[in-house]
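Report on the following structure.
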Amino acid sequence: MTIQLSAFKSIPDFARGQVRDLRVRWALEEAGIPYTTKLLGQGEQKSEPYVTDWQPFGQVPAIHEDGLHMFESGAIVLHIGETSDVLLPKDPAGRARATQWLLCALNTMEVVIQQYASINIFFANEEWAKLRKPSLEEQMKGRLHALSKALGSKDWLDARFTAGDLLMITVLRILNGTNFLDATPNLVAYKKRGEARSAFQRALNAQIADIEGTRSAA
Ligand SMILES: N[C@@H](CCC(=O)N[C@@H](CS)C(=O)NCC(=O)O)C(=O)O
């Protein structure tokens with residue numbers, strides 16, 4: 001199996017360690033699958049060959065794996081999970097719950113957290129953003145509180161680490177640099193636990209090395 005993953009050659013400082021190819025790199029590292037990267041120059045993600053061959057919305061990540069072309073970080077992580085018991089348990093119920101948490105990360109948590117991040121980063125001075133922010137913050141706090149309750153005193157969302165935790169932790173990382181997690185210490189510890197995994201560290205280092213031009217080929 002040979003996998004090529006699309007990622008950016010350069011990114012602004014605020015996006016360091018946040019670009020969504022990190023999710024795929026982390027999953028590949030957990031699964032022990034080597035990969036190479038297709039690094040895109042500024043604006044290249046919107047170029048015709050990339051949009052046609054890689055990602056119809058002109059975004060990263062996307063993968064080429066032998067004959068298979070795929071986009072959407074969650075779908076790619078699930079696909080990689082098919083080959084790795086570390087990401088998706090073999091027992092059907094455990095597998096279903098891992099998928100449930102992965103989709104919860106994307107559909108319940110990220111939709112709110114990403115809106116908040118976008119408002120803060122890109123539209124902070126807009127009048128409409130100032131009006132929207134308080135209700136969005138309340139919504140986000142509610143979601144974080146519910147997630148914190150569901151996690152409780154467990155290490156991971158289910159009995160052990162799965163692809164659901166991988167996605168959830170990358171979504172919680174969008175809040176890096178804010179104090180929103182402080183009210184839920186178990187989520188702070190949970191995020192740290194994920195970031196301490198050696199596969200996460202390798203993925204993050206590889207993303208940074210690609211941006212700095214120091215990564216050697218797989
Ligand atoms: N739902 C997509 C979102 C991908 C996404 O937002 N990618 C961002 C980087 S994190 C991107 O490529 N932005 C550049 C652009 O839209 O031009 C996924 O999870 O794969």
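Identifiers in this document derive from the order of the structure tokens: chains are assigned A, B, ..., residues are numbered from 1 separately in each chain, and ligands are numbered from 1 in order of occurrence.
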
- Message: Hey, which residues sit close to ligand 1? Say within 6 Å, counting only C-alpha atoms and all ligand atoms, and write them as a list in words.
- Response: Val19, Arg20, Gly58, Gln59, Val60, Pro61, Glu72 and Ser73 of chain A

Writer output for current selection, N, CA and C atoms, as a PDB file, in the first residue's frame:
```pdb
ATOM      1  N   VAL A  19      -3.522  22.249  10.995  1.00  0.00           N
ATOM      2  CA  VAL A  19      -4.062  21.903   9.679  1.00  0.00           C
ATOM      3  C   VAL A  19      -4.496  20.427   9.688  1.00  0.00           C
ATOM      4  N   ARG A  20      -5.617  20.172   9.032  1.00  0.00           N
ATOM      5  CA  ARG A  20      -6.286  18.883   9.212  1.00  0.00           C
ATOM      6  C   ARG A  20      -5.560  17.675   8.615  1.00  0.00           C
ATOM      7  N   GLY A  58     -11.041  22.127  -2.934  1.00  0.00           N
ATOM      8  CA  GLY A  58      -9.778  22.856  -2.903  1.00  0.00           C
ATOM      9  C   GLY A  58      -9.206  22.967  -1.500  1.00  0.00           C
ATOM     10  N   GLN A  59      -9.234  21.858  -0.760  1.00  0.00           N
ATOM     11  CA  GLN A  59      -8.733  21.871   0.617  1.00  0.00           C
ATOM     12  C   GLN A  59      -7.790  20.695   0.844  1.00  0.00           C
ATOM     13  N   VAL A  60      -7.094  20.719   1.950  1.00  0.00           N
ATOM     14  CA  VAL A  60      -6.362  19.552   2.428  1.00  0.00           C
ATOM     15  C   VAL A  60      -7.069  19.074   3.701  1.00  0.00           C
ATOM     16  N   PRO A  61      -6.989  17.794   4.029  1.00  0.00           N
ATOM     17  CA  PRO A  61      -6.205  16.746   3.403  1.00  0.00           C
ATOM     18  C   PRO A  61      -7.003  15.963   2.351  1.00  0.00           C
ATOM     19  N   GLU A  72     -11.847  14.356   2.805  1.00  0.00           N
ATOM     20  CA  GLU A  72     -12.537  14.455   4.108  1.00  0.00           C
ATOM     21  C   GLU A  72     -11.729  13.705   5.176  1.00  0.00           C
ATOM     22  N   SER A  73     -11.211  14.483   6.113  1.00  0.00           N
ATOM     23  CA  SER A  73     -10.315  13.897   7.133  1.00  0.00           C
ATOM     24  C   SER A  73     -10.983  12.736   7.890  1.00  0.00           C
TER      25      SER A  73
END
```

- Message: Please extract the residues of stretch 109-155 of chain A with a backbone DSSP assignment of helix (DSSP H, G or I) and present them as an NGL selection string.
- Response: :A and (109-122 or 127-151)

Please report, as CSV, each residue of stretch 108-170 of chain A lying at most 7 Å from stretch 183-193 of chain A, together with the nearest pair of atoms and the separation in Å rounded to one decimal; use only C-alpha atoms, and order rows by chain and ascending residue number.
```
residue,atom,partner,partner_atom,distance
A:His145,CA,A:Thr184,CA,6.9
A:Ser148,CA,A:Leu187,CA,6.0
A:Asp155,CA,A:Tyr190,CA,6.5
A:Ile169,CA,A:Lys191,CA,5.5
```

- Do a neighbour search on A:Phe14 at 12 Å with only C-alpha atoms, toss out local chain neighbours closer than 5 positions, and write the hits as a list of chain:residue names.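 Close residues of A:Phe14: A:Val19, A:Ala117, A:Ser118, A:Asn120, A:Ile121, A:Phe122, A:Ile174, A:Leu175, A:Asn176, A:Gly177.
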
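The coordinates place atom CA of A:Gln4 at 13.2 Å from atom CA of A:Tyr50.
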
Each stretch 113-204 of chain A residue no farther than 12 Å from stretch 81-84 of chain A, nearest pair in Å, only C-alpha atoms, as a tab-separated table:
```
residue	atom	partner	partner_atom	distance
A:Thr162	CA	A:Gly81	CA	8.9
A:Ala163	CA	A:Gly81	CA	7.1
A:Gly164	CA	A:Gly81	CA	10.4
A:Leu166	CA	A:Gly81	CA	11.0
```

- Report the distance between atom CA of A:Met168 and atom CA of A:Ala98 in Å, rounded to one decimal place. 10.7 Å

- Item | Filtered DSSP result for chain A, state strand (DSSP E), as a VMD selection string | chain A and resid 3 to 8 35 to 40 62 to 65 68 to 71

Output the selection as a PDB file, in the first residue's frame - C-alpha atoms for each residue.
```
ATOM      1  CA  ILE A   3      -0.201   6.503   0.358  1.00  0.00           C
ATOM      2  CA  GLN A   4       0.373  10.067  -0.698  1.00  0.00           C
ATOM      3  CA  LEU A   5      -1.194  12.759   1.499  1.00  0.00           C
ATOM      4  CA  SER A   6      -1.798  16.357   0.508  1.00  0.00           C
ATOM      5  CA  ALA A   7      -0.643  19.101   2.870  1.00  0.00           C
ATOM      6  CA  PHE A   8       0.523  22.694   2.741  1.00  0.00           C
ATOM      7  CA  TYR A  35       3.271   7.745   3.571  1.00  0.00           C
ATOM      8  CA  THR A  36       4.656  10.486   1.390  1.00  0.00           C
ATOM      9  CA  THR A  37       3.281  13.998   1.037  1.00  0.00           C
ATOM     10  CA  LYS A  38       2.149  16.097  -1.867  1.00  0.00           C
ATOM     11  CA  LEU A  39       2.986  19.591  -0.648  1.00  0.00           C
ATOM     12  CA  LEU A  40       0.937  22.440  -2.081  1.00  0.00           C
ATOM     13  CA  ALA A  62      -6.790  14.273   0.603  1.00  0.00           C
ATOM     14  CA  ILE A  63      -5.034  11.006  -0.177  1.00  0.00           C
ATOM     15  CA  HIS A  64      -4.074   8.931  -3.179  1.00  0.00           C
ATOM     16  CA  GLU A  65      -3.716   5.300  -2.184  1.00  0.00           C
ATOM     17  CA  LEU A  68      -8.165   5.115  -4.516  1.00  0.00           C
ATOM     18  CA  HIS A  69      -8.570   8.921  -4.297  1.00  0.00           C
ATOM     19  CA  MET A  70     -10.218  10.188  -1.087  1.00  0.00           C
ATOM     20  CA  PHE A  71     -10.917  13.423   0.743  1.00  0.00           C
TER      21      PHE A  71
END
```

- Query: Skipping near chain neighbours, those fewer than 2 positions away, what residues fall within 12 Å of A:Gly142 using only C-alpha atoms, listed as a PyMOL selection string?
  - Reply: chain A and resi 108-109+112-113+135-140+144-149+180-181+183-184

- Message: Give me, as a PyMOL selection string, all polymer residues having an atom no more than 8 Å from stretch 210-213 of chain A, counting only C-alpha atoms and skipping those fewer than 2 positions away in the same chain.
- Response: chain A and resi 8-11+39+206-208+215

Would you put the residues from that selection into a file with N, CA and C atoms, as a CSV table (one decimal), in the first residue's frame?
```csv
chain,number,residue,atom,x,y,z
A,8,PHE,N,0.0,21.4,3.2
A,8,PHE,CA,0.5,22.7,2.7
A,8,PHE,C,2.0,22.8,3.0
A,9,LYS,N,2.7,23.5,2.0
A,9,LYS,CA,4.1,23.8,2.1
A,9,LYS,C,4.4,24.8,3.1
A,10,SER,N,3.5,25.8,3.2
A,10,SER,CA,3.7,26.8,4.2
A,10,SER,C,2.3,27.3,4.8
A,11,ILE,N,2.3,27.7,6.0
A,11,ILE,CA,1.1,28.1,6.7
A,11,ILE,C,1.3,29.2,7.6
A,39,LEU,N,3.0,18.3,-1.3
A,39,LEU,CA,3.0,19.6,-0.6
A,39,LEU,C,2.5,20.7,-1.6
A,206,ALA,N,6.2,15.6,11.9
A,206,ALA,CA,6.3,15.4,10.4
A,206,ALA,C,5.6,16.6,9.7
A,207,GLN,N,4.5,17.0,10.3
A,207,GLN,CA,3.8,18.2,9.7
A,207,GLN,C,4.7,19.4,9.7
A,208,ILE,N,5.3,19.6,10.9
A,208,ILE,CA,6.2,20.8,11.0
A,208,ILE,C,7.4,20.7,10.1
A,215,ARG,N,11.7,17.5,6.3
A,215,ARG,CA,11.2,16.1,6.4
A,215,ARG,C,11.9,15.2,5.4
```

- Within 12 Å of A:Arg97, counting only C-alpha atoms, which residues qualify if same-chain residues fewer than 3 places away don't, as a ChimeraX atom specification? /A:87-94,100-104,156-165

Suppose we keep C-alpha atoms; can you now write the selection as a short mmCIF file (atom, residue, chain, number, x, y, z; two decimals), in the first residue's frame?
```cif
data_model
loop_
_atom_site.label_atom_id
_atom_site.label_comp_id
_atom_site.auth_asym_id
_atom_site.auth_seq_id
_atom_site.Cartn_x
_atom_site.Cartn_y
_atom_site.Cartn_z
CA LEU A 87 -8.06 2.80 15.51
CA LEU A 88 -11.18 0.66 15.01
CA PRO A 89 -11.81 -2.30 17.33
CA LYS A 90 -12.65 -5.56 15.63
CA ASP A 91 -15.75 -6.24 17.74
CA PRO A 92 -18.79 -4.74 16.01
CA ALA A 93 -20.13 -2.85 19.04
CA GLY A 94 -16.74 -1.30 19.86
CA GLN A 100 -20.07 7.32 16.76
CA TRP A 101 -17.42 9.35 18.65
CA LEU A 102 -15.58 10.19 15.44
CA LEU A 103 -18.77 11.60 13.94
CA CYS A 104 -19.63 13.34 17.21
CA TRP A 156 -10.70 7.64 26.61
CA LEU A 157 -14.27 8.07 25.37
CA ASP A 158 -14.70 4.30 25.17
CA ALA A 159 -12.89 1.50 26.99
CA ARG A 160 -9.63 2.29 25.15
CA PHE A 161 -8.15 4.73 22.60
CA THR A 162 -9.87 4.66 19.18
CA ALA A 163 -10.24 6.77 16.03
CA GLY A 164 -13.04 8.57 17.91
CA ASP A 165 -10.51 9.93 20.42
#
```
